[in-house]
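Data block below; observations after.
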Amino acid sequence: MDFFVQQLVNGLTLGSVYALLALGYSIVYGILKLLNFAHGEVYMMGAFMGYFTLVALGGAASPAVPVALVLVLMFLVAGLSAGVLGVAIERFAYRPLRDAPRIAPLITALGMSFFLQSTALLLFSADVRNMDTSELISPSTGIHVGPLDISLVRILVILSAALLMVALARFVAQTKLGKAMRAVAYDREAAEMMGIDVDRTIVAAFFIGSVLAGAAGVMVGLVFDRVWHLMGFTAGLKAFTAAVVGGIGNIPGAMLGGLLIGLAEAFTAGYISTTFQNLIVFGILIVVMLVRPTGLLGSPAIEKV
Amino acid sequence: MPPVGVDEWVARVEERREQRAGLLGQALAAWDRIAPVWRLVLFAALVASVPFVTDSDFIIRVGVNTLLLAMLALGLNIVVGWAGLLDLGYIAFYGFGAYTYALLASDQIDVHLASWLAIVCVVVACALLGFLLGLPSRRLIGDYLAIVTLFFGQVFVEVVTNLDRVTLPGKDEPVDITGGPNGIAGVDPIQLFGFEFLTPTDYFYLSLVVLVILIGGLYLIDNSRTGRAWRAIREDPLAAGLMTMPVKRLKLMAFAFGAAVAGLAGAIFAALQIGVFPRNFETPFLILIYAAVILGGAGSIKGMLAGAAVVGISFELLREPDEASWIFYGGVLLALVLTVRPWRRLAAVLAGVVVLGLALHAVVGGLWPDAVAGSPRADWALSSAIDNWLLLPDDPKTIGNWAFVVLVVAVVWLSQAGRRARLLALVPLVYLGAFVWENRLMLDPSVTRQLMLGALLIVVMILRPAGLFGAKRIEVA
Amino acid sequence: MEPLLELSGVRKSFGGLEVIGQLDLTVREREVVSLIGPNGAGKTTVFNLITGVYEPDAGSIRLDGRELVGLPPHRVTTMGIARTFQTLRLFLNMSVQENVTAATYGRTRARVWQSVLRTPRARREEREVSELADEVFAFFGDRLAGYRRDQPAYSLSYANRRRLEIARALATRPRLLLLDEPAAGMNPHETGEVTELIGRLRDERGLTILVIEHDMHVVEGISDRVVALDHGVKVAEGSFDHCARAPAVVEAYLGRVEDAA
């Protein structure tokens, strides 16, 4: 029972992170029909930015400012720099190809992902950085009731991820920009003719998605204590799988898919083996493709002839 | 590019103009006038003469690797260039082929099949795997296919790395299948018609023969009903289906054929290397194959050969600091010559770069001697000139990192700026590029290779999506 | 006489919206039937149902007594139904010649290895394919002849693209040809040519033709019979004059008199 609860909490933590990442994929895919492979690398860069913020503030052992402020600053710096990076990628690499054959931006995205990964390797070397979260927030704080043993960091991560997701859902549903995003996703040309600034909307989508990715990077750094240049690629793949499983382009779907993948991975690691976590996720992807290619919450597409 | 639906005479004029574009265009036109068979013979003779000209082991090895890369590019071209399916797990088929050959011809599970039989098994197994991977992607729509195949490539490496302690039912001891991270060593050399292929030169000729057969076969397929059908489904799958082409089957066929070619290349690679290791089949090599395909121009056989030659050779040479310097400065100069017109402006830019460097060197070197205390990393013709021109700090790593960031930001910024700003910024940009190159990129050649591959994919796709030889394509949404 | 094409009780809805309801339609051998109706009446959907792009929710579609429902598009076409598209869907980056030869895929049998080894069979088929292309292009006079055949399809003018679509459809050797607005976007002269072409397709090649057309001059000029659709339901059927005067057709196009008042 203890073990089960532990895996559940692990899964929820991991799932929240995947969900945040999946949202970024989903928003961009919904609007541009572009699979932004570089999204995982944006998340990795965000994690590094969070780490360097922590270091600049004196490190986990002796922070120069209160712990809460350290955390807020880490999220802020990571989120903003990731957002700027995402926008830069869109403007430089994707915008010139917006009307190109479908395969062109995908290859560019692959190249971008690889370029960013190599950039991180060049700038930050192949060393794995530890945030030493246990020194920042004592692992003994948190909820410890009976079998329940959840550290404060995990609670913080799950809560803030949930908060961000709710904020995003409301943003898309209610604000003017959110409505514009939905309109552009539905029909770009029609939206343009209705006076919506498509470029600005796409930039906004990239910015928001990337901010979420940056935040997710900091969360992973805090919980799993490992920040390195290869962390983005596999995480990105799994998050995209989450988006596909939930129904690509669909915000609640991305959250559901993220949690599902996170739980599946945690329970695989807990009960079967840690070596084949990715294989399990891949299996889920294949099964969903076979059974329900539009994802759990996606609606079937009607092909116009 | 002739716009959609132009009048015929306009199209004709544009066609004619397109053919005449520069020396390269004329050379290509002349090349196209030769009969296909003789073109192939000419190509084969040219490549076959390489081992006669040089006896450098390094060059032969680069040659074999490039020939293998050409095979892989041709195989990937079936899937990406003709059928229009983005297969990002292609590298896994190469790996699968190499591992299958290694298992069938080594002490690993103590099987030593005759080479021809092992190779046939490899090709069939790879084709089957390609077919299987194509199946679940059901409708095989671009992005889903991309994600499934990319994931597949990752999982392949992971599985291979972990299949060294498998508990099989009925056995107590865990079984080692793939050798885990250490791979499989001691793979048998290929033996065909009583000849044993041992040296890299042997494999050079073996690869060349296989490549030539492959080129011939693919040329014939391209001009057969299957080739036409593949290109038709790339253009418009729905219309292709309504014109009697079984779209799903053709896609799976493309997948299987591409995989079989990769498997064949993999088998040769395993025998050449006398071993297989998981890290041979990771993403960087996939990017290398894509770089060859994209640079050459997806869809064209000669494009694949040219792309593989350029990418294969230059990226091998980037390992050596002296050759790398030639490639870098030569590449920058070539890019300037091709893009800056007229020549007066080009001369001004080049002069500006030289003057800026000398001035900076004098001023900054006078103020902080440390900033010029270093020396060029490579020892080649221009080393001493560079030493007097470029700021080479004593301990360049940190400043090099920052300069790299500034360079990337500047390039992104300038891509958004107007023509005038671009021209003005060109001089400092070239200087900054050289600074980053000498002070940072030369320190980590392997990382630099990766960076350049990524940048190549992005830049080629933005500037010339058709590659060097691909036909310009028109897409109507 | 047994009809060549027979639709009975065909229904199709998309997400609760019924697009085709209980449609019966027959086309006899060597007949030219026009399908008319206002935009959104479901005419193109009928084509998509016949060719297997969509599967009907109910009903049956038979060609020469053989059931088509459930067959994928390429099988339907191989059985003898070919179509053109309202929004042209040529293989734009392939040559004009290849657009036609590609469509012979279902009529040829050479396996890949046979093509590679250039076996007698593969060579014979290639020869037949290029003869078929010559024959198909000859049907269009000098419109698609000469140098144009080696040019990419995108370089063709609009009217020639429409012609190439028909040529491509002919290369599948159909018995029944479905033409989706063959005169759309053409000038009066070209429209006249289309009318004449459709007549020749039947007379010289013995084709049965089902055509969607908005231009009533064309419809009048070619039709043996006219079927009018509105909201997926057949509202009139018969000669052109009969349909043109049928109150339901007038109402479908112009609205009710009471509505207008």
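Letters A, B, ... go to the chains of the structure tokens in the order shown; residues in each chain start at 1; ligands are counted from 1 in the same order.
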Residues within 10 Å of A:Ala93, only C-alpha atoms, excluding chain neighbours under 2 positions, as JSON, numbers by chain
{"A": [87, 88, 89, 90, 91, 95, 96, 97, 98, 105, 108, 109, 111, 112], "B": [412, 415, 458, 459, 461, 462]}
Hey, which bits of chain C sit within 10 Å of chain A, and for each residue what's the closest pair of atoms and how far apart in Å (one decimal), counting only C-alpha atoms, rows by chain and increasing number, as a Markdown table?
| residue | atom | partner | partner_atom | distance |
| --- | --- | --- | --- | --- |
| C:Phe14 | CA | A:Ile302 | CA | 8.1 |
| C:Gly15 | CA | A:Ile302 | CA | 9.4 |
| C:Thr44 | CA | A:Val305 | CA | 8.3 |
| C:Thr45 | CA | A:Val305 | CA | 8.6 |
| C:Asn48 | CA | A:Val305 | CA | 7.8 |
| C:Val53 | CA | A:Val305 | CA | 8.5 |
| C:Tyr54 | CA | A:Glu303 | CA | 9.2 |
| C:Phe85 | CA | A:Val305 | CA | 8.4 |
| C:Gln86 | CA | A:Val305 | CA | 9.0 |
| C:Thr87 | CA | A:Val305 | CA | 8.3 |
| C:Arg89 | CA | A:Val305 | CA | 9.7 |
Among the residues B:Arg225, B:Arg165, B:His112, B:Lys171, the one that comes closest to B:Pro189 [using only C-alpha atoms]:
B:His112
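Atom CA of B:Thr283 to atom CA of A:Leu230 spans 11.4 Å [interatomic distance, one decimal].
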Selection near stretch 113-129 of chain C, 7 Å with only C-alpha atoms, sequence-local residues under 6 positions removed, as a ChimeraX atom specification:
/B:217,220-221,224 /C:101,104
Only C-alpha atoms, please: the residues just picked out, written as a compact mmCIF listing (two decimals), in the first residue's frame.
# COMPACT_ATOMS: atom_id res chain seq x y z
CA GLY B 217 17.81 -0.47 -59.36
CA LEU B 220 14.61 1.73 -62.85
CA ILE B 221 12.08 1.70 -60.02
CA SER B 224 8.40 2.20 -63.29
CA THR C 101 0.81 6.96 -66.77
CA THR C 104 -2.50 2.99 -65.01
Mind checking which residues fall within 7 Å of B:Ala83, counting only C-alpha atoms, ignoring those fewer than 4 positions away in the same chain, and posting them as a ChimeraX atom specification?
/B:78-79,230-231,233-234,251,254
Prev. selection, N, CA and C atoms, output as a CSV table (one decimal), in the first residue's frame:
chain,number,residue,atom,x,y,z
B,78,ILE,N,13.8,7.0,-50.7
B,78,ILE,CA,12.6,6.2,-51.1
B,78,ILE,C,11.4,6.7,-50.2
B,79,VAL,N,11.6,6.7,-48.9
B,79,VAL,CA,10.6,7.0,-48.0
B,79,VAL,C,10.2,8.5,-48.0
B,230,TRP,N,4.6,6.0,-56.1
B,230,TRP,CA,5.1,6.6,-54.9
B,230,TRP,C,5.1,8.1,-55.0
B,231,ARG,N,5.5,8.6,-56.1
B,231,ARG,CA,5.6,10.1,-56.2
B,231,ARG,C,4.1,10.7,-56.2
B,233,ILE,N,1.5,9.5,-54.6
B,233,ILE,CA,1.0,9.5,-53.2
B,233,ILE,C,1.6,10.7,-52.4
B,234,ARG,N,2.9,11.0,-52.8
B,234,ARG,CA,3.4,12.2,-52.1
B,234,ARG,C,2.7,13.4,-52.5
B,251,LYS,N,2.6,2.8,-49.3
B,251,LYS,CA,3.4,3.5,-48.2
B,251,LYS,C,4.2,2.4,-47.5
B,254,ALA,N,7.1,1.4,-49.5
B,254,ALA,CA,8.2,2.3,-49.4
B,254,ALA,C,9.0,2.2,-48.1
From the set A:Ala120, A:Ala38, A:Leu14, A:Val211, which residue has the shortest atom-to-atom contact distance to A:Tyr94, counting only C-alpha atoms?
A:Ala38
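Using only C-alpha atoms, the nearest neighbour of chain C within the list B:Leu23, B:Ile213, B:Val50, B:Val62 is B:Ile213.
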Within 10 Å of C:Gln97, counting only C-alpha atoms, which residues qualify if same-chain residues fewer than 6 places away don't, as a PyMOL selection string?
chain C and resi 130+133-134+137+144-145+148-153+164+167-168
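Residue neighbourhood of stretch 360-371 of chain B, excluding near-sequence residues (fewer than 4 positions): Gly352, Val353, Val354, Val355, Leu356, Ser375, Ala385, Ile386, Asp387, Asn388, Trp389, Leu390, Leu391, Leu392, Pro393, Asp394, Asp395, Pro396, Ile399, Gly400, Pro428, Tyr431, Leu432, Phe435 and Asn439 of chain B, at 12 Å, using only C-alpha atoms.
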Output file for the selection above: N, CA and C atoms, as a tab-separated table (two decimals), in the first residue's frame:
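Output contents, as saved in part05.tsv:
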chain	number	residue	atom	x	y	z
B	352	GLY	N	36.80	45.30	-45.30
B	352	GLY	CA	36.30	45.73	-44.00
B	352	GLY	C	36.64	44.72	-42.91
B	353	VAL	N	36.43	43.45	-43.24
B	353	VAL	CA	36.70	42.40	-42.25
B	353	VAL	C	38.18	42.42	-41.86
B	354	VAL	N	39.04	42.55	-42.86
B	354	VAL	CA	40.48	42.54	-42.58
B	354	VAL	C	40.87	43.76	-41.73
B	355	VAL	N	40.38	44.94	-42.16
B	355	VAL	CA	40.74	46.17	-41.45
B	355	VAL	C	40.21	46.14	-40.02
B	356	LEU	N	38.95	45.72	-39.87
B	356	LEU	CA	38.35	45.67	-38.54
B	356	LEU	C	39.21	44.80	-37.62
B	375	SER	N	47.07	31.50	-29.18
B	375	SER	CA	47.52	31.27	-30.55
B	375	SER	C	46.47	30.41	-31.26
B	385	ALA	N	48.72	34.65	-40.07
B	385	ALA	CA	47.88	35.80	-40.41
B	385	ALA	C	46.75	35.94	-39.40
B	386	ILE	N	46.15	34.82	-39.05
B	386	ILE	CA	45.03	34.85	-38.10
B	386	ILE	C	45.52	35.33	-36.74
B	387	ASP	N	46.71	34.92	-36.37
B	387	ASP	CA	47.26	35.30	-35.08
B	387	ASP	C	47.37	36.82	-34.97
B	388	ASN	N	47.65	37.50	-36.09
B	388	ASN	CA	47.79	38.96	-36.06
B	388	ASN	C	46.49	39.69	-36.30
B	389	TRP	N	45.45	38.94	-36.61
B	389	TRP	CA	44.20	39.56	-37.03
B	389	TRP	C	43.09	39.36	-36.01
B	390	LEU	N	43.08	38.20	-35.43
B	390	LEU	CA	41.97	37.84	-34.55
B	390	LEU	C	42.40	37.99	-33.09
B	391	LEU	N	41.45	38.39	-32.24
B	391	LEU	CA	41.71	38.42	-30.81
B	391	LEU	C	41.70	36.98	-30.31
B	392	LEU	N	42.81	36.53	-29.77
B	392	LEU	CA	42.88	35.16	-29.28
B	392	LEU	C	43.27	35.19	-27.81
B	393	PRO	N	42.29	35.25	-26.92
B	393	PRO	CA	42.60	35.36	-25.49
B	393	PRO	C	43.33	34.12	-24.98
B	394	ASP	N	43.94	34.32	-23.86
B	394	ASP	CA	44.72	33.26	-23.24
B	394	ASP	C	43.84	32.08	-22.86
B	395	ASP	N	42.74	32.39	-22.17
B	395	ASP	CA	41.83	31.34	-21.70
B	395	ASP	C	40.47	31.60	-22.34
B	396	PRO	N	40.25	31.06	-23.53
B	396	PRO	CA	39.13	31.53	-24.36
B	396	PRO	C	37.77	30.93	-24.05
B	399	ILE	N	34.81	33.36	-22.53
B	399	ILE	CA	34.52	34.46	-23.45
B	399	ILE	C	34.01	33.89	-24.77
B	400	GLY	N	34.53	32.72	-25.15
B	400	GLY	CA	34.05	32.06	-26.36
B	400	GLY	C	32.59	31.70	-26.25
B	428	PRO	N	31.15	43.07	-39.00
B	428	PRO	CA	31.37	42.59	-37.63
B	428	PRO	C	30.93	41.14	-37.43
B	431	TYR	N	33.56	38.74	-38.56
B	431	TYR	CA	34.66	38.76	-37.60
B	431	TYR	C	34.29	38.00	-36.33
B	432	LEU	N	33.07	38.24	-35.88
B	432	LEU	CA	32.59	37.55	-34.67
B	432	LEU	C	32.56	36.05	-34.91
B	435	PHE	N	35.90	34.72	-34.63
B	435	PHE	CA	36.30	34.76	-33.21
B	435	PHE	C	35.76	33.54	-32.48
B	439	ASN	N	38.04	30.57	-30.98
B	439	ASN	CA	38.15	30.59	-29.52
B	439	ASN	C	37.26	29.59	-28.82
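With atom CA of B:Ala421 on one side and atom CA of B:Val405 on the other, the separation reads 19.8 Å.
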Hey, which bits of chain A sit within 6 Å of chain B, and for each residue what's the closest pair of atoms and how far apart in Å (one decimal), counting only C-alpha atoms, rows by chain and increasing number, as a Markdown table?
| residue | atom | partner | partner_atom | distance |
| --- | --- | --- | --- | --- |
| A:Phe92 | CA | B:Val412 | CA | 5.9 |
| A:Thr108 | CA | B:Ile458 | CA | 4.7 |
| A:Gly111 | CA | B:Gly454 | CA | 4.3 |
| A:Phe114 | CA | B:Gly454 | CA | 5.3 |
| A:Phe115 | CA | B:Gly454 | CA | 4.4 |
| A:Ser118 | CA | B:Leu451 | CA | 5.4 |
| A:Leu123 | CA | B:Asn401 | CA | 5.8 |
| A:Leu290 | CA | B:Pro136 | CA | 5.6 |
Please return as a compact mmCIF listing (two decimals) with N, CA and C atoms, in the first residue's frame: the residues of stretch 82-185 of chain A that backbone DSSP assigns to helix (DSSP H, G or I).
# COMPACT_ATOMS: atom_id res chain seq x y z
N ALA A 82 12.73 31.04 -21.35
CA ALA A 82 12.21 30.00 -22.25
C ALA A 82 11.22 30.63 -23.22
N GLY A 83 10.39 31.53 -22.72
CA GLY A 83 9.41 32.18 -23.60
C GLY A 83 10.08 32.95 -24.72
N VAL A 84 11.12 33.70 -24.36
CA VAL A 84 11.84 34.47 -25.38
C VAL A 84 12.49 33.52 -26.39
N LEU A 85 13.05 32.45 -25.89
CA LEU A 85 13.69 31.47 -26.78
C LEU A 85 12.66 30.90 -27.76
N GLY A 86 11.49 30.53 -27.22
CA GLY A 86 10.44 29.97 -28.08
C GLY A 86 10.05 30.94 -29.18
N VAL A 87 9.87 32.20 -28.81
CA VAL A 87 9.48 33.20 -29.80
C VAL A 87 10.57 33.37 -30.85
N ALA A 88 11.84 33.40 -30.37
CA ALA A 88 12.95 33.55 -31.32
C ALA A 88 12.96 32.39 -32.31
N ILE A 89 12.75 31.18 -31.80
CA ILE A 89 12.73 30.01 -32.69
C ILE A 89 11.64 30.16 -33.74
N GLU A 90 10.48 30.59 -33.29
CA GLU A 90 9.37 30.72 -34.24
C GLU A 90 9.72 31.73 -35.32
N ARG A 91 10.22 32.87 -34.91
CA ARG A 91 10.48 33.92 -35.89
C ARG A 91 11.59 33.53 -36.84
N PHE A 92 12.64 32.92 -36.30
CA PHE A 92 13.78 32.63 -37.16
C PHE A 92 13.53 31.41 -38.04
N ALA A 93 13.06 30.34 -37.43
CA ALA A 93 13.07 29.07 -38.14
C ALA A 93 11.71 28.69 -38.74
N TYR A 94 10.63 28.98 -38.04
CA TYR A 94 9.36 28.45 -38.51
C TYR A 94 8.58 29.43 -39.39
N ARG A 95 8.71 30.72 -39.08
CA ARG A 95 7.88 31.66 -39.83
C ARG A 95 8.16 31.64 -41.34
N PRO A 96 9.43 31.58 -41.75
CA PRO A 96 9.65 31.56 -43.20
C PRO A 96 9.05 30.34 -43.89
N LEU A 97 8.75 29.31 -43.11
CA LEU A 97 8.28 28.06 -43.71
C LEU A 97 6.79 27.84 -43.51
N ILE A 103 6.47 18.83 -44.81
CA ILE A 103 7.62 18.13 -44.29
C ILE A 103 8.74 19.10 -43.93
N ALA A 104 8.78 20.27 -44.57
CA ALA A 104 9.89 21.20 -44.39
C ALA A 104 10.01 21.70 -42.95
N PRO A 105 8.93 22.24 -42.35
CA PRO A 105 9.08 22.71 -40.97
C PRO A 105 9.39 21.59 -39.99
N LEU A 106 8.95 20.38 -40.29
CA LEU A 106 9.27 19.26 -39.39
C LEU A 106 10.77 19.00 -39.37
N ILE A 107 11.37 19.05 -40.54
CA ILE A 107 12.82 18.82 -40.61
C ILE A 107 13.55 19.97 -39.94
N THR A 108 13.06 21.20 -40.17
CA THR A 108 13.65 22.34 -39.49
C THR A 108 13.57 22.18 -37.98
N ALA A 109 12.41 21.70 -37.51
CA ALA A 109 12.22 21.53 -36.07
C ALA A 109 13.20 20.50 -35.54
N LEU A 110 13.40 19.44 -36.30
CA LEU A 110 14.36 18.42 -35.89
C LEU A 110 15.76 19.03 -35.80
N GLY A 111 16.12 19.82 -36.83
CA GLY A 111 17.42 20.47 -36.83
C GLY A 111 17.55 21.43 -35.65
N MET A 112 16.47 22.15 -35.35
CA MET A 112 16.49 23.11 -34.25
C MET A 112 16.70 22.39 -32.93
N SER A 113 15.99 21.29 -32.76
CA SER A 113 16.13 20.51 -31.54
C SER A 113 17.59 20.08 -31.36
N PHE A 114 18.17 19.59 -32.43
CA PHE A 114 19.54 19.10 -32.38
C PHE A 114 20.52 20.26 -32.14
N PHE A 115 20.24 21.39 -32.77
CA PHE A 115 21.09 22.56 -32.61
C PHE A 115 21.09 23.03 -31.15
N LEU A 116 19.90 23.12 -30.56
CA LEU A 116 19.81 23.59 -29.17
C LEU A 116 20.49 22.61 -28.22
N GLN A 117 20.30 21.34 -28.50
CA GLN A 117 20.93 20.33 -27.66
C GLN A 117 22.45 20.48 -27.71
N SER A 118 22.97 20.66 -28.93
CA SER A 118 24.42 20.82 -29.06
C SER A 118 24.89 22.13 -28.43
N THR A 119 24.05 23.17 -28.55
CA THR A 119 24.41 24.44 -27.93
C THR A 119 24.56 24.27 -26.42
N ALA A 120 23.61 23.55 -25.83
CA ALA A 120 23.70 23.33 -24.38
C ALA A 120 24.95 22.55 -24.04
N LEU A 121 25.28 21.58 -24.89
CA LEU A 121 26.48 20.79 -24.65
C LEU A 121 27.72 21.69 -24.73
N LEU A 122 27.70 22.59 -25.69
CA LEU A 122 28.85 23.49 -25.88
C LEU A 122 28.97 24.45 -24.69
N LEU A 123 27.85 25.06 -24.32
CA LEU A 123 27.90 26.10 -23.29
C LEU A 123 28.02 25.53 -21.88
N PHE A 124 27.28 24.46 -21.63
CA PHE A 124 27.19 23.99 -20.24
C PHE A 124 27.94 22.69 -20.00
N THR A 133 18.04 20.24 -4.05
CA THR A 133 16.78 20.73 -3.51
C THR A 133 16.62 20.39 -2.03
N SER A 134 17.16 19.23 -1.63
CA SER A 134 16.95 18.80 -0.25
C SER A 134 17.54 19.82 0.74
N GLU A 135 18.54 20.57 0.27
CA GLU A 135 19.11 21.59 1.17
C GLU A 135 18.29 22.86 1.15
N LEU A 136 17.55 23.04 0.05
CA LEU A 136 16.72 24.25 -0.06
C LEU A 136 15.43 24.06 0.71
N LEU A 152 7.23 18.33 0.44
CA LEU A 152 6.69 19.65 0.12
C LEU A 152 6.97 20.01 -1.33
N VAL A 153 8.16 19.63 -1.81
CA VAL A 153 8.52 19.97 -3.18
C VAL A 153 7.49 19.40 -4.15
N ARG A 154 7.14 18.12 -3.90
CA ARG A 154 6.19 17.49 -4.82
C ARG A 154 4.83 18.17 -4.75
N ILE A 155 4.42 18.50 -3.54
CA ILE A 155 3.14 19.19 -3.40
C ILE A 155 3.18 20.50 -4.17
N LEU A 156 4.29 21.22 -4.00
CA LEU A 156 4.44 22.50 -4.70
C LEU A 156 4.35 22.31 -6.21
N VAL A 157 5.05 21.28 -6.69
CA VAL A 157 5.09 21.06 -8.14
C VAL A 157 3.69 20.73 -8.66
N ILE A 158 3.02 19.78 -7.98
CA ILE A 158 1.69 19.38 -8.46
C ILE A 158 0.73 20.56 -8.42
N LEU A 159 0.78 21.30 -7.31
CA LEU A 159 -0.14 22.44 -7.17
C LEU A 159 0.13 23.52 -8.21
N SER A 160 1.42 23.86 -8.37
CA SER A 160 1.68 24.97 -9.30
C SER A 160 1.39 24.55 -10.74
N ALA A 161 1.63 23.27 -11.05
CA ALA A 161 1.29 22.79 -12.39
C ALA A 161 -0.22 22.89 -12.60
N ALA A 162 -0.97 22.45 -11.61
CA ALA A 162 -2.43 22.51 -11.72
C ALA A 162 -2.88 23.96 -11.90
N LEU A 163 -2.26 24.84 -11.12
CA LEU A 163 -2.60 26.26 -11.20
C LEU A 163 -2.35 26.80 -12.60
N LEU A 164 -1.18 26.49 -13.15
CA LEU A 164 -0.84 26.97 -14.48
C LEU A 164 -1.82 26.44 -15.52
N MET A 165 -2.20 25.17 -15.36
CA MET A 165 -3.10 24.59 -16.34
C MET A 165 -4.47 25.24 -16.30
N VAL A 166 -4.96 25.46 -15.08
CA VAL A 166 -6.27 26.11 -14.95
C VAL A 166 -6.20 27.51 -15.53
N ALA A 167 -5.09 28.20 -15.23
CA ALA A 167 -4.94 29.56 -15.75
C ALA A 167 -4.96 29.54 -17.27
N LEU A 168 -4.27 28.57 -17.86
CA LEU A 168 -4.21 28.50 -19.32
C LEU A 168 -5.60 28.22 -19.89
N ALA A 169 -6.29 27.26 -19.28
CA ALA A 169 -7.61 26.91 -19.79
C ALA A 169 -8.52 28.12 -19.77
N ARG A 170 -8.48 28.87 -18.67
CA ARG A 170 -9.32 30.06 -18.58
C ARG A 170 -8.89 31.12 -19.57
N PHE A 171 -7.57 31.24 -19.73
CA PHE A 171 -7.04 32.23 -20.67
C PHE A 171 -7.56 31.95 -22.07
N VAL A 172 -7.47 30.69 -22.49
CA VAL A 172 -7.88 30.35 -23.84
C VAL A 172 -9.38 30.49 -24.01
N ALA A 173 -10.11 30.18 -22.93
CA ALA A 173 -11.57 30.20 -23.06
C ALA A 173 -12.11 31.63 -23.01
N GLN A 174 -11.46 32.51 -22.24
CA GLN A 174 -12.12 33.78 -21.94
C GLN A 174 -11.49 35.04 -22.49
N LYS A 176 -9.48 37.74 -24.95
CA LYS A 176 -9.57 38.05 -26.37
C LYS A 176 -8.48 37.30 -27.15
N LEU A 177 -7.26 37.34 -26.58
CA LEU A 177 -6.16 36.66 -27.25
C LEU A 177 -6.40 35.15 -27.32
N GLY A 178 -6.96 34.63 -26.24
CA GLY A 178 -7.26 33.20 -26.22
C GLY A 178 -8.27 32.84 -27.29
N LYS A 179 -9.27 33.69 -27.44
CA LYS A 179 -10.26 33.43 -28.48
C LYS A 179 -9.63 33.53 -29.85
N ALA A 180 -8.74 34.51 -29.99
CA ALA A 180 -8.04 34.65 -31.27
C ALA A 180 -7.25 33.38 -31.57
N MET A 181 -6.63 32.82 -30.54
CA MET A 181 -5.86 31.60 -30.74
C MET A 181 -6.76 30.47 -31.23
N ARG A 182 -7.92 30.37 -30.63
CA ARG A 182 -8.82 29.30 -31.08
C ARG A 182 -9.28 29.53 -32.51
N ALA A 183 -9.53 30.81 -32.82
CA ALA A 183 -9.99 31.11 -34.18
C ALA A 183 -8.90 30.75 -35.20
N VAL A 184 -7.65 31.14 -34.89
CA VAL A 184 -6.57 30.85 -35.82
C VAL A 184 -6.38 29.35 -35.96
N ALA A 185 -6.52 28.64 -34.84
CA ALA A 185 -6.37 27.18 -34.90
C ALA A 185 -7.43 26.58 -35.81
How close does chain C get to chain B? List, as CSV, each residue of chain C within 6 Å, its nearest atom pair and the distance in Å to one decimal, counting only C-alpha atoms.
residue,atom,partner,partner_atom,distance
C:Pro73,CA,B:Leu242,CA,5.3
C:His74,CA,B:Thr244,CA,4.0
C:Thr77,CA,B:Thr244,CA,5.5
C:Thr78,CA,B:Thr244,CA,5.6
C:Phe91,CA,B:Glu235,CA,5.3
C:Ala102,CA,B:Arg228,CA,5.4
C:Ala103,CA,B:Met243,CA,5.0
C:Tyr105,CA,B:Met245,CA,5.9
C:Gly106,CA,B:Thr244,CA,4.8
C:Val116,CA,B:Gly217,CA,5.4
C:Tyr154,CA,B:Val4,CA,5.6
C:Ser155,CA,B:Ala11,CA,5.8
C:Leu156,CA,B:Gly5,CA,5.8
C:Ser157,CA,B:Gly5,CA,4.9
C:Tyr158,CA,B:Gly5,CA,5.9
Please identify all polymer residues within 9 Å of B:Val340, counting only C-alpha atoms, omitting same-chain residues fewer than 5 positions from it, and present them as a PyMOL selection string.
chain B and resi 335+345-346+349+423
Can I get the selected residues back with N, CA and C atoms, as a compact mmCIF listing (two decimals), in the first residue's frame?
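Output file result-v7.txt is given in full below:
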# COMPACT_ATOMS: atom_id res chain seq x y z
N ALA B 335 30.25 31.46 -49.08
CA ALA B 335 28.92 32.02 -48.79
C ALA B 335 28.89 33.50 -49.15
N ARG B 345 31.05 45.48 -53.84
CA ARG B 345 30.55 45.40 -52.48
C ARG B 345 31.23 44.26 -51.74
N LEU B 346 31.41 43.16 -52.45
CA LEU B 346 32.08 42.00 -51.86
C LEU B 346 33.49 42.37 -51.43
N VAL B 349 33.39 44.44 -48.34
CA VAL B 349 33.12 43.65 -47.14
C VAL B 349 34.39 42.94 -46.69
N LEU B 423 23.60 44.33 -44.41
CA LEU B 423 24.87 44.60 -45.09
C LEU B 423 25.86 45.26 -44.14
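Put simply, atom CA of B:Glu196 is 9.8 Å away from atom CA of B:Ser115.
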Among stretch 52-191 of chain A, which ones does DSSP place in strand (DSSP E or B), written as a ChimeraX atom specification?
/A:129,142-145,148-151
